[in-house]
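Participant: Contents are compact mmCIF, C-alpha atoms; file name work.txt:
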```
# COMPACT_ATOMS: atom_id res chain seq x y z
CA MET A 1 -55.51 177.80 48.42
CA SER A 2 -58.59 179.01 47.05
CA LYS A 3 -62.09 178.17 46.79
CA HIS A 4 -62.12 175.35 44.41
CA ILE A 5 -59.44 173.03 43.75
CA SER A 6 -60.11 172.30 47.05
CA LYS A 7 -60.66 174.08 50.09
CA VAL A 8 -58.26 171.38 50.89
CA LEU A 9 -55.67 172.78 48.64
CA ARG A 10 -55.92 175.86 50.65
CA GLY A 11 -55.22 174.19 53.77
CA ALA A 12 -52.19 172.62 52.47
CA LEU A 13 -50.01 174.25 54.94
CA VAL A 14 -46.97 175.64 53.87
CA ALA A 15 -44.68 178.35 54.50
CA LEU A 16 -43.36 180.27 51.60
CA THR A 17 -39.83 181.08 51.20
CA ALA A 18 -39.05 184.03 49.18
CA ALA A 19 -35.54 184.68 48.19
CA GLY A 20 -35.99 187.59 45.88
CA VAL A 21 -38.10 189.03 43.14
CA VAL A 22 -38.04 187.15 39.91
CA GLY A 23 -39.80 189.82 37.93
CA GLY A 24 -43.07 189.80 36.05
CA ALA A 25 -44.77 186.60 35.05
CA ALA A 26 -43.40 185.75 31.66
CA VAL A 27 -45.07 183.44 29.22
CA VAL A 28 -43.21 180.15 29.46
CA PRO A 29 -43.13 177.80 26.50
CA ALA A 30 -44.42 174.31 27.07
CA GLY A 31 -43.32 170.91 25.92
CA ALA A 32 -40.20 169.74 27.71
CA ALA A 33 -38.84 166.24 27.23
CA THR A 34 -41.10 163.23 27.75
CA GLN A 35 -40.71 159.51 27.46
CA GLY A 36 -43.16 157.10 25.91
CA LYS A 37 -45.47 159.91 24.85
CA GLY A 38 -47.96 157.78 22.92
CA SER A 39 -50.31 156.36 25.55
CA HIS A 40 -49.87 159.45 27.71
CA ALA A 41 -50.84 162.05 25.15
CA ALA A 42 -53.69 163.36 27.32
CA THR A 43 -51.40 163.59 30.33
CA GLN A 44 -48.84 165.52 28.32
CA ALA A 45 -51.60 167.78 27.01
CA ALA A 46 -52.61 168.47 30.62
CA LEU A 47 -48.99 169.33 31.49
CA ASP A 48 -48.84 171.72 28.57
CA GLY A 49 -52.20 173.15 29.64
CA LEU A 50 -50.87 174.08 33.07
CA VAL A 51 -48.06 176.09 31.50
CA ALA A 52 -50.56 177.66 29.10
CA ALA A 53 -52.56 178.65 32.21
CA GLY A 54 -49.54 180.65 33.42
CA MET A 55 -47.52 178.22 35.51
CA PRO A 56 -43.69 178.39 35.21
CA GLY A 57 -43.22 174.64 34.92
CA VAL A 58 -44.62 171.24 35.82
CA ALA A 59 -43.32 167.67 35.91
CA ALA A 60 -45.12 164.37 36.35
CA GLY A 61 -44.29 160.73 36.86
CA THR A 62 -46.62 157.75 36.42
CA TRP A 63 -46.35 154.08 37.25
CA THR A 64 -48.16 150.90 36.22
CA PRO A 65 -46.98 147.27 36.43
CA LYS A 66 -46.09 147.54 32.73
CA GLU A 67 -44.26 150.85 32.59
CA THR A 68 -43.10 154.05 34.17
CA TRP A 69 -43.48 157.32 32.30
CA SER A 70 -42.47 160.90 32.92
CA GLY A 71 -43.39 164.14 31.24
CA SER A 72 -42.85 167.83 31.79
CA ALA A 73 -43.57 171.28 30.44
CA GLY A 74 -42.10 174.70 31.11
CA TYR A 75 -39.11 175.47 33.25
CA ALA A 76 -37.59 174.67 36.62
CA ASP A 77 -35.79 178.02 36.36
CA THR A 78 -37.23 180.63 34.03
CA ALA A 79 -34.00 182.67 34.07
CA THR A 80 -31.70 179.87 32.89
CA LYS A 81 -34.40 177.97 30.96
CA ARG A 82 -33.56 174.78 32.88
CA GLU A 83 -36.35 172.29 32.22
CA ARG A 84 -38.44 170.44 34.77
CA THR A 85 -37.75 166.74 35.27
CA ALA A 86 -39.54 163.91 37.07
CA GLY A 87 -36.46 163.58 39.29
CA ASP A 88 -36.97 167.02 40.82
CA HIS A 89 -37.32 167.27 44.60
CA PHE A 90 -40.20 169.46 45.73
CA ARG A 91 -42.13 170.50 48.80
CA ALA A 92 -45.16 168.23 48.69
CA GLY A 93 -47.14 170.16 51.30
CA SER A 94 -50.24 168.42 52.59
CA ILE A 95 -49.29 165.10 51.03
CA THR A 96 -47.57 164.88 54.44
CA LYS A 97 -51.02 164.23 55.90
CA SER A 98 -51.22 160.79 54.28
CA PHE A 99 -47.94 159.79 55.98
CA VAL A 100 -49.12 161.05 59.37
CA ALA A 101 -52.50 159.29 59.09
CA THR A 102 -50.75 156.04 58.12
CA VAL A 103 -48.58 156.10 61.25
CA LEU A 104 -51.57 156.80 63.50
CA LEU A 105 -53.45 153.90 61.90
CA GLN A 106 -50.43 151.65 62.39
CA LEU A 107 -50.40 152.61 66.06
CA GLU A 108 -54.07 151.68 66.28
CA ALA A 109 -53.37 148.30 64.66
CA GLU A 110 -50.67 147.76 67.30
CA GLY A 111 -53.15 148.48 70.09
CA LYS A 112 -51.38 151.65 71.20
CA LEU A 113 -54.34 153.93 70.58
CA SER A 114 -57.84 153.96 69.11
CA LEU A 115 -59.18 156.30 66.45
CA ASP A 116 -62.04 156.93 68.85
CA ASP A 117 -59.78 158.09 71.67
CA SER A 118 -60.50 161.66 72.64
CA LEU A 119 -58.06 164.45 71.99
CA GLU A 120 -58.10 165.22 75.70
CA ARG A 121 -57.05 161.66 76.56
CA ARG A 122 -54.07 161.76 74.22
CA LEU A 123 -53.06 165.42 74.62
CA PRO A 124 -54.47 166.51 77.99
CA GLY A 125 -54.84 170.25 78.37
CA VAL A 126 -53.52 171.15 74.92
CA VAL A 127 -56.87 172.24 73.41
CA LYS A 128 -59.06 174.11 75.86
CA GLY A 129 -60.99 177.35 76.21
CA ASN A 130 -62.62 179.47 73.49
CA GLY A 131 -65.50 177.01 73.25
CA TYR A 132 -63.42 173.84 72.73
CA ASP A 133 -64.20 170.56 74.51
CA ALA A 134 -61.32 168.20 73.74
CA ASP A 135 -63.21 165.32 75.41
CA LYS A 136 -65.62 165.40 72.46
CA ILE A 137 -62.99 165.51 69.70
CA THR A 138 -61.63 162.17 68.48
CA ILE A 139 -58.50 161.23 66.56
CA ARG A 140 -60.73 160.08 63.70
CA GLN A 141 -62.29 163.55 63.53
CA LEU A 142 -58.86 165.15 63.39
CA LEU A 143 -57.88 162.91 60.47
CA ASN A 144 -61.01 163.48 58.38
CA HIS A 145 -61.41 167.17 59.24
CA THR A 146 -64.72 166.83 61.08
CA SER A 147 -63.26 168.05 64.40
CA GLY A 148 -64.26 171.70 64.05
CA VAL A 149 -60.80 172.81 65.22
CA HIS A 150 -59.99 176.12 63.54
CA ASP A 151 -57.28 176.18 60.87
CA MET A 152 -54.26 178.23 62.00
CA VAL A 153 -53.62 179.09 58.34
CA TYR A 154 -56.85 181.12 58.36
CA THR A 155 -55.95 183.53 61.13
CA PRO A 156 -54.80 187.15 61.07
CA GLU A 157 -51.59 186.05 62.80
CA TRP A 158 -50.68 183.59 60.06
CA ASP A 159 -51.62 186.05 57.35
CA LYS A 160 -49.45 188.76 58.88
CA GLU A 161 -46.39 186.59 59.42
CA MET A 162 -46.43 184.18 56.48
CA ASN A 163 -48.18 185.93 53.59
CA GLY A 164 -47.08 188.96 51.60
CA PRO A 165 -44.22 191.05 53.05
CA GLY A 166 -44.39 189.18 56.36
CA PHE A 167 -43.04 186.14 54.65
CA PHE A 168 -39.68 187.76 54.04
CA GLU A 169 -39.40 188.68 57.69
CA HIS A 170 -40.50 185.34 59.15
CA ARG A 171 -39.63 182.58 56.68
CA TYR A 172 -36.62 181.49 58.74
CA ASP A 173 -38.47 181.56 62.07
CA ILE A 174 -38.75 178.30 63.98
CA LYS A 175 -42.16 177.39 65.36
CA THR A 176 -43.05 174.56 67.73
CA PRO A 177 -46.19 172.48 67.20
CA GLU A 178 -47.59 173.97 70.41
CA GLN A 179 -47.15 177.50 69.04
CA ILE A 180 -48.84 176.58 65.76
CA VAL A 181 -51.78 174.92 67.53
CA ALA A 182 -52.17 177.92 69.83
CA MET A 183 -52.47 180.15 66.79
CA GLY A 184 -55.46 178.15 65.56
CA ILE A 185 -57.34 177.54 68.81
CA LYS A 186 -57.12 181.21 69.72
CA TYR A 187 -60.26 181.25 67.60
CA GLY A 188 -63.32 179.23 68.51
CA PRO A 189 -64.36 175.99 66.82
CA ASP A 190 -65.87 176.14 63.35
CA PHE A 191 -68.62 173.73 64.39
CA GLU A 192 -69.43 171.09 66.99
CA PRO A 193 -67.23 167.98 66.63
CA GLY A 194 -68.69 165.59 64.06
CA LYS A 195 -71.31 168.10 62.88
CA GLY A 196 -69.57 169.49 59.79
CA TRP A 197 -66.52 169.39 57.58
CA ARG A 198 -63.78 171.95 57.11
CA TYR A 199 -60.19 171.38 56.12
CA SER A 200 -57.93 172.40 58.99
CA ASN A 201 -54.15 172.10 59.12
CA THR A 202 -54.32 172.38 62.91
CA ASN A 203 -55.85 168.88 62.97
CA PHE A 204 -52.68 167.30 61.65
CA VAL A 205 -50.30 169.32 63.80
CA LEU A 206 -52.25 167.78 66.67
CA GLY A 207 -51.95 164.37 64.98
CA GLY A 208 -48.18 164.72 64.90
CA MET A 209 -48.17 165.65 68.58
CA ILE A 210 -50.20 162.52 69.37
CA ILE A 211 -47.65 160.34 67.57
CA GLU A 212 -44.87 161.84 69.67
CA LYS A 213 -46.86 161.45 72.89
CA VAL A 214 -47.60 157.78 72.19
CA THR A 215 -44.19 156.73 70.82
CA GLY A 216 -41.83 159.12 72.59
CA LYS A 217 -40.35 160.11 69.23
CA PRO A 218 -41.05 163.04 66.89
CA TYR A 219 -43.64 162.23 64.24
CA ALA A 220 -41.07 162.60 61.44
CA ARG A 221 -38.75 160.01 62.96
CA GLU A 222 -41.65 157.56 63.24
CA VAL A 223 -42.62 158.18 59.61
CA GLU A 224 -39.04 157.54 58.56
CA ARG A 225 -38.78 154.35 60.64
CA ARG A 226 -42.15 152.92 59.67
CA ILE A 227 -42.58 154.05 56.05
CA VAL A 228 -39.63 155.81 54.44
CA LYS A 229 -36.94 153.26 55.23
CA PRO A 230 -39.00 150.06 54.73
CA LEU A 231 -40.19 151.28 51.31
CA GLY A 232 -36.75 152.55 50.28
CA LEU A 233 -37.96 156.13 49.72
CA LYS A 234 -34.44 157.48 49.38
CA GLU A 235 -35.50 160.88 48.04
CA THR A 236 -38.09 161.59 50.76
CA THR A 237 -37.11 163.77 53.71
CA PHE A 238 -38.65 165.68 56.60
CA PRO A 239 -36.31 168.66 56.81
CA GLY A 240 -37.45 170.13 60.13
CA THR A 241 -35.65 173.47 60.42
CA ASP A 242 -33.47 173.08 57.32
CA PRO A 243 -34.64 175.67 54.75
CA LYS A 244 -32.79 174.10 51.81
CA LEU A 245 -34.01 171.62 49.21
CA PRO A 246 -31.90 168.73 47.89
CA ALA A 247 -30.75 168.87 44.27
CA PRO A 248 -32.17 168.76 41.72
CA HIS A 249 -35.08 171.02 42.52
CA PRO A 250 -37.01 173.75 40.74
CA VAL A 251 -37.24 177.35 41.80
CA GLY A 252 -40.47 177.76 43.76
CA TYR A 253 -42.19 180.81 42.29
CA SER A 254 -44.80 182.56 44.43
CA LYS A 255 -47.11 185.56 44.56
CA LEU A 256 -47.12 185.21 48.37
CA TYR A 257 -50.89 184.74 48.66
CA VAL A 258 -51.69 188.43 48.85
CA PRO A 259 -55.17 189.63 47.86
CA ASN A 260 -55.39 190.81 44.28
CA PRO A 261 -51.74 190.08 43.47
CA GLY A 262 -49.96 191.99 40.74
CA PRO A 263 -47.50 190.64 38.19
CA GLN A 264 -44.60 190.39 40.64
CA ILE A 265 -43.31 186.89 41.29
CA TYR A 266 -40.96 185.95 44.11
CA ASP A 267 -38.54 183.11 44.70
CA ALA A 268 -40.12 181.09 47.50
CA THR A 269 -37.79 178.11 47.36
CA GLU A 270 -36.43 178.36 50.90
CA TYR A 271 -38.12 178.48 54.30
CA ARG A 272 -38.02 176.60 57.55
CA PRO A 273 -40.78 173.98 57.34
CA SER A 274 -41.27 173.86 61.10
CA TRP A 275 -44.10 176.24 60.16
CA SER A 276 -45.73 173.25 58.51
CA GLY A 277 -44.59 170.25 60.49
CA ALA A 278 -46.96 167.29 60.49
CA THR A 279 -49.39 169.07 58.20
CA GLY A 280 -47.08 169.90 55.31
CA GLU A 281 -43.36 169.31 55.82
CA VAL A 282 -42.43 166.46 53.48
CA VAL A 283 -40.00 166.90 50.57
CA SER A 284 -40.08 164.16 47.95
CA THR A 285 -40.11 163.20 44.27
CA SER A 286 -42.77 161.84 41.96
CA GLY A 287 -41.14 158.40 41.98
CA ASP A 288 -41.07 158.14 45.77
CA LEU A 289 -44.65 159.36 46.18
CA ASN A 290 -45.92 156.92 43.57
CA ARG A 291 -44.18 154.13 45.46
CA PHE A 292 -45.65 155.28 48.79
CA TYR A 293 -49.26 155.53 47.62
CA SER A 294 -49.01 152.29 45.65
CA ALA A 295 -47.78 150.42 48.73
CA LEU A 296 -50.44 152.07 50.89
CA LEU A 297 -53.32 151.20 48.56
CA GLN A 298 -52.07 147.65 48.12
CA GLY A 299 -52.23 147.05 51.88
CA LYS A 300 -48.48 146.87 52.41
CA LEU A 301 -48.50 149.48 55.18
CA LEU A 302 -51.81 148.84 56.96
CA PRO A 303 -53.99 145.86 57.88
CA LYS A 304 -57.30 145.67 56.01
CA LYS A 305 -59.32 147.10 58.91
CA GLN A 306 -57.21 150.23 59.14
CA LEU A 307 -56.92 150.69 55.36
CA ASP A 308 -60.70 150.39 55.01
CA ALA A 309 -61.07 153.05 57.72
CA MET A 310 -58.63 155.33 55.93
CA LEU A 311 -60.53 155.03 52.64
CA THR A 312 -63.96 155.55 54.20
CA THR A 313 -64.71 159.10 53.14
CA VAL A 314 -67.03 161.88 54.22
CA GLU A 315 -68.74 164.49 52.06
CA THR A 316 -67.00 167.84 51.81
CA GLY A 317 -69.26 169.89 49.56
CA GLU A 318 -66.45 169.96 47.03
CA HIS A 319 -65.58 167.83 44.00
CA TYR A 320 -63.84 165.26 46.21
CA THR A 321 -64.60 163.32 49.37
CA TYR A 322 -62.16 162.97 52.27
CA GLY A 323 -61.01 159.94 54.23
CA LEU A 324 -58.34 159.78 56.94
CA GLY A 325 -55.55 161.90 55.49
CA ILE A 326 -56.65 160.97 51.98
CA ILE A 327 -58.61 162.59 49.15
CA SER A 328 -60.87 160.57 46.86
CA ARG A 329 -61.85 161.85 43.41
CA LYS A 330 -64.45 160.25 41.16
CA LEU A 331 -63.37 161.12 37.61
CA SER A 332 -65.54 161.71 34.56
CA CYS A 333 -64.85 158.20 33.23
CA GLY A 334 -66.01 156.61 36.49
CA VAL A 335 -62.53 155.80 37.83
CA GLN A 336 -62.06 156.48 41.55
CA VAL A 337 -58.59 157.61 42.62
CA TYR A 338 -57.09 158.12 46.07
CA GLY A 339 -54.23 160.33 47.18
CA HIS A 340 -53.70 163.91 48.31
CA ASP A 341 -52.88 167.39 47.04
CA GLY A 342 -50.29 169.74 48.43
CA VAL A 343 -50.13 173.52 48.27
CA VAL A 344 -47.31 175.55 49.69
CA TRP A 345 -45.57 178.73 48.77
CA GLY A 346 -44.07 178.18 45.34
CA SER A 347 -45.35 174.63 44.94
CA LEU A 348 -48.60 172.88 43.98
CA SER A 349 -48.64 169.08 43.92
CA GLY A 350 -51.05 166.25 43.24
CA ALA A 351 -50.73 162.51 43.81
CA ALA A 352 -53.31 159.79 43.25
CA GLY A 353 -53.74 156.15 42.36
CA THR A 354 -56.40 153.56 41.62
CA ARG A 355 -57.81 151.54 44.50
CA ASP A 356 -55.67 148.51 43.64
CA GLY A 357 -52.51 150.64 43.77
CA LYS A 358 -51.51 149.58 40.25
CA HIS A 359 -51.80 152.90 38.43
CA MET A 360 -50.18 155.93 40.01
CA LEU A 361 -49.65 159.60 39.14
CA THR A 362 -47.71 162.34 40.93
CA PHE A 363 -47.08 165.81 39.57
CA ASN A 364 -45.65 169.10 40.82
CA ILE A 365 -46.05 172.69 39.64
CA ASN A 366 -43.39 175.19 40.70
CA GLY A 367 -45.80 178.14 40.92
CA ASP A 368 -48.66 178.83 43.32
CA TRP A 369 -51.08 181.26 41.65
CA LEU A 370 -53.15 178.94 39.49
CA ASP A 371 -56.59 180.53 39.47
CA GLN A 372 -58.76 177.90 37.80
CA SER A 373 -59.36 174.31 38.82
CA PRO A 374 -59.81 172.62 35.41
CA PRO A 375 -56.09 172.79 34.45
CA PHE A 376 -55.18 171.06 37.73
CA GLU A 377 -57.96 168.48 37.56
CA ASN A 378 -57.08 167.73 33.94
CA MET A 379 -53.92 166.00 35.17
CA PHE A 380 -56.03 163.29 36.82
CA GLU A 381 -58.52 163.16 33.96
CA GLY A 382 -55.74 162.94 31.39
CA GLU A 383 -53.81 160.15 33.07
CA PHE A 384 -56.65 157.97 34.35
CA CYS A 385 -59.34 158.68 31.72
CA GLY A 386 -57.28 159.73 28.70
CA THR A 387 -59.47 162.81 28.22
CA ALA A 388 -59.65 166.43 29.29
CA ALA A 389 -61.99 167.28 32.14
CA LYS A 390 -65.37 168.76 31.34
CA PRO A 391 -65.46 171.63 33.83
CA THR A 392 -68.73 172.05 35.66
CA LYS A 393 -67.38 174.80 37.86
CA SER A 394 -64.82 177.45 37.18
CA GLN A 395 -64.06 178.78 40.59
CA ALA A 396 -60.68 179.98 41.66
CA VAL A 397 -58.41 177.22 42.72
CA PHE A 398 -55.68 178.40 44.98
CA GLY A 399 -56.40 181.39 47.08
CA PRO A 400 -54.72 183.29 49.84
CA VAL A 401 -53.31 180.28 51.53
CA ASN A 402 -52.61 176.75 50.79
CA ARG A 403 -53.67 173.27 51.21
```
Please rewrite the model in this file as structure tokens.

Facilitator:
Amino acid sequence: MSKHISKVLRGALVALTAAGVVGGAAVVPAGAATQGKGSHAATQAALDGLVAAGMPGVAAGTWTPKETWSGSAGYADTATKRERTAGDHFRAGSITKSFVATVLLQLEAEGKLSLDDSLERRLPGVVKGNGYDADKITIRQLLNHTSGVHDMVYTPEWDKEMNGPGFFEHRYDIKTPEQIVAMGIKYGPDFEPGKGWRYSNTNFVLGGMIIEKVTGKPYAREVERRIVKPLGLKETTFPGTDPKLPAPHPVGYSKLYVPNPGPQIYDATEYRPSWSGATGEVVSTSGDLNRFYSALLQGKLLPKKQLDAMLTTVETGEHYTYGLGIISRKLSCGVQVYGHDGVVWGSLSGAAGTRDGKHMLTFNINGDWLDQSPPFENMFEGEFCGTAAKPTKSQAVFGPVNR
């Protein structure tokens, strides 16, 4: 991820999958098919703007009680000129975090844990040494990234194995949650628990391990049982070690998060998402993610106490605040939206909705080298405000990792 569109976007947690060079970045025409273009002109303009900024393709789906709308620009496959569609399946990266946080909050509502339980109580002996005191780290701090636990994505080991040439060698490796956590806590804490904020994928790998410890079932099975099946999210999967994506899906184009990348673009569609697990494994569609966040915000998945806790945010020093597995943006028109972003090799995603859950947007870009935040943020501004964002910063958006 990079420095702006969110240090969160960086943390997304992903694992690229490169299946071959696609050649230099070609200019891709914008303006694929849309429906009901009228009231979504600003959203369509934002889609076109992402392609103009150099992305291969992008597709979006929106929902309100009165209508659903979809729009796209560019291509799912630049070689065949196949267009993007709102029905595409994609790796949604750190949007997984909202599912994981929801399950943990459900477990709290059931009296099976407390957000203020220590990490040591729930996962004894897992995080120790190198300056860590797991007795002082709470589940709440894991979920809002105030734990200080170091992000495994920002380690030399991750960079060597999952970025640049290492990706080709390791994309089909299988990693356990314990191995991923060990990679992060090999390095000392970023700050004392509760005394700072830094996005860390390691937090949510630990969250997934807590779910399994409390329920006796892998986190993904609990998400499926508690959320996916009850909401009828038929296009949402947690693929585990399966490197494939269901059809239809775009090619995931990547520059492999190397410093100062050249024009070469690689096919990063396939990899084993055990690298991501509870921090970035989910595969879904815009329709399913709109349904999930709408149900969540309307209180259909959590009691009021737990939903209020989820939406209570902390300052991040960025253009968003962060709750429990949720990002809150205050847009230029004053509208507050809640959701999450996802960054993984070959895929950048955004999902958000209004507090009442009655206006939703999800979009996916099948390229990962966007280097400015305004084109990404314009998707939210376009859909919820009907205007283009007025950039106040122009930092890089997605840097050497993901979100």

Participant: Kindly indicate which residue among A:Asp267, A:Glu157, A:Glu315, A:Asp48 lies nearest to A:Tyr199, using all atoms listed in the file for the distances.

Facilitator: A:Glu315

Participant: Counting all atoms listed in the file, which residue out of A:Thr176, A:Thr64, A:Thr96, A:Ser294 sits closest to A:Thr236?

Facilitator: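 When distances to A:Thr236 are compared using all atoms listed in the file, the smallest one comes from A:Thr96.
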
Participant: Atom CA of A:Asp88 to atom CA of A:Ser72: how many Å, to one decimal?

Facilitator: 10.8 Å

Participant: I'd like the contact shell of A:Lys112 - 9 Å cut-off, all atoms listed in the file, skipping same-chain residues fewer than 6 positions apart - returned as number ranges by chain.

Facilitator: A: 106, 214-215

Participant: If we count all atoms listed in the file and set the cut-off at 10 Å, which residues sit around A:Pro248, ignoring sequence neighbours fewer than 6 positions away in its own chain? Please answer as a PyMOL selection string.

Facilitator: chain A and resi 76+84-90

Participant: Quick one: residues within 12 Å of A:Gly57, only C-alpha atoms counted, chain neighbours fewer than 3 positions away excluded, as a PyMOL selection string?

Facilitator: chain A and resi 26-32+47-54+60+71-78+81-86+88+249-253+346-349+363-368+370

Participant: Atom CA of A:Thr279 and atom CA of A:Trp63, how far apart in Å?

Facilitator: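 About the pair atom CA of A:Trp63 and atom CA of A:Thr279: they are 25.9 Å apart.
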
Participant: Extract, using all atoms listed in the file, all DNA, RNA and protein residues at most 7 Å from A:Ser200, discarding same-chain residues fewer than 6 positions from it, and format them as a VMD selection string.

Facilitator: chain A and resid 11 145 149 to 151

Participant: Please identify all polymer residues within 12 Å of A:Arg121, counting all atoms listed in the file, omitting same-chain residues fewer than 5 positions from it, and present them as number ranges by chain.

Facilitator: A: 113-116, 126-127, 133-139, 210, 213-214

Participant: Which residue out of A:Ser254, A:Gln336, A:Thr316, A:Ser276 has the minimum interatomic distance to A:Thr202 when all atoms listed in the file are used?

Facilitator: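 Result for the nearest residue to A:Thr202: A:Ser276.
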
Participant: For the point (-52.4, 149.7, 46.1) in file coordinates, what residues are within 10 Å, counting all atoms listed in the file? Give the answer as a list in words?

Facilitator: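 Here is the list of nearby residues: Arg291, Phe292, Tyr293, Ser294, Ala295, Leu296, Leu297, Gln298, Gly299, Lys300, Leu301, Tyr338, Gly353, Thr354, Arg355, Asp356, Gly357, Lys358, His359 and Met360 of chain A.
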
Participant: Could you tell me which of A:Ser284, A:Asn203, A:Ser94, A:Ser118 comes closest to A:Gly342 if we count all atoms listed in the file?

Facilitator: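 Once distances to A:Gly342 are computed over all atoms listed in the file, the minimum belongs to A:Ser94.
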
Participant: Pick the closest to A:Val100 from A:Asp288, A:Glu235, A:Asp308, A:Glu224: which is it, counting all atoms listed in the file?

Facilitator: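 Checking each of A:Asp288, A:Glu235, A:Asp308, A:Glu224 against A:Val100, counting all atoms listed in the file, the winner is A:Glu224.
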
Participant: To one decimal place, how far is atom CA of A:Leu307 from atom CA of A:Glu377 in Å?

Facilitator: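 According to the coordinates, atom CA of A:Leu307 and atom CA of A:Glu377 are separated by 25.2 Å.
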
Participant: Would you be able to write out as JSON, numbers by chain which residues have an atom within 12 Å of (-53.9, 165.3, 34.9) in the file's coordinates, counting only C-alpha atoms?

Facilitator: {"A": [40, 41, 42, 43, 44, 45, 46, 47, 48, 49, 50, 58, 59, 60, 61, 62, 71, 72, 331, 337, 349, 350, 351, 352, 353, 360, 361, 362, 363, 364, 365, 373, 374, 375, 376, 377, 378, 379, 380, 381, 382, 383, 384, 385, 386, 387, 388, 389]}

Participant: Between A:Asn163, A:Thr80, A:Thr68, A:Gln141, which is the closest to A:Tyr257 once you count only C-alpha atoms?

Facilitator: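 Among the listed residues, the smallest separation from A:Tyr257 belongs to A:Asn163.
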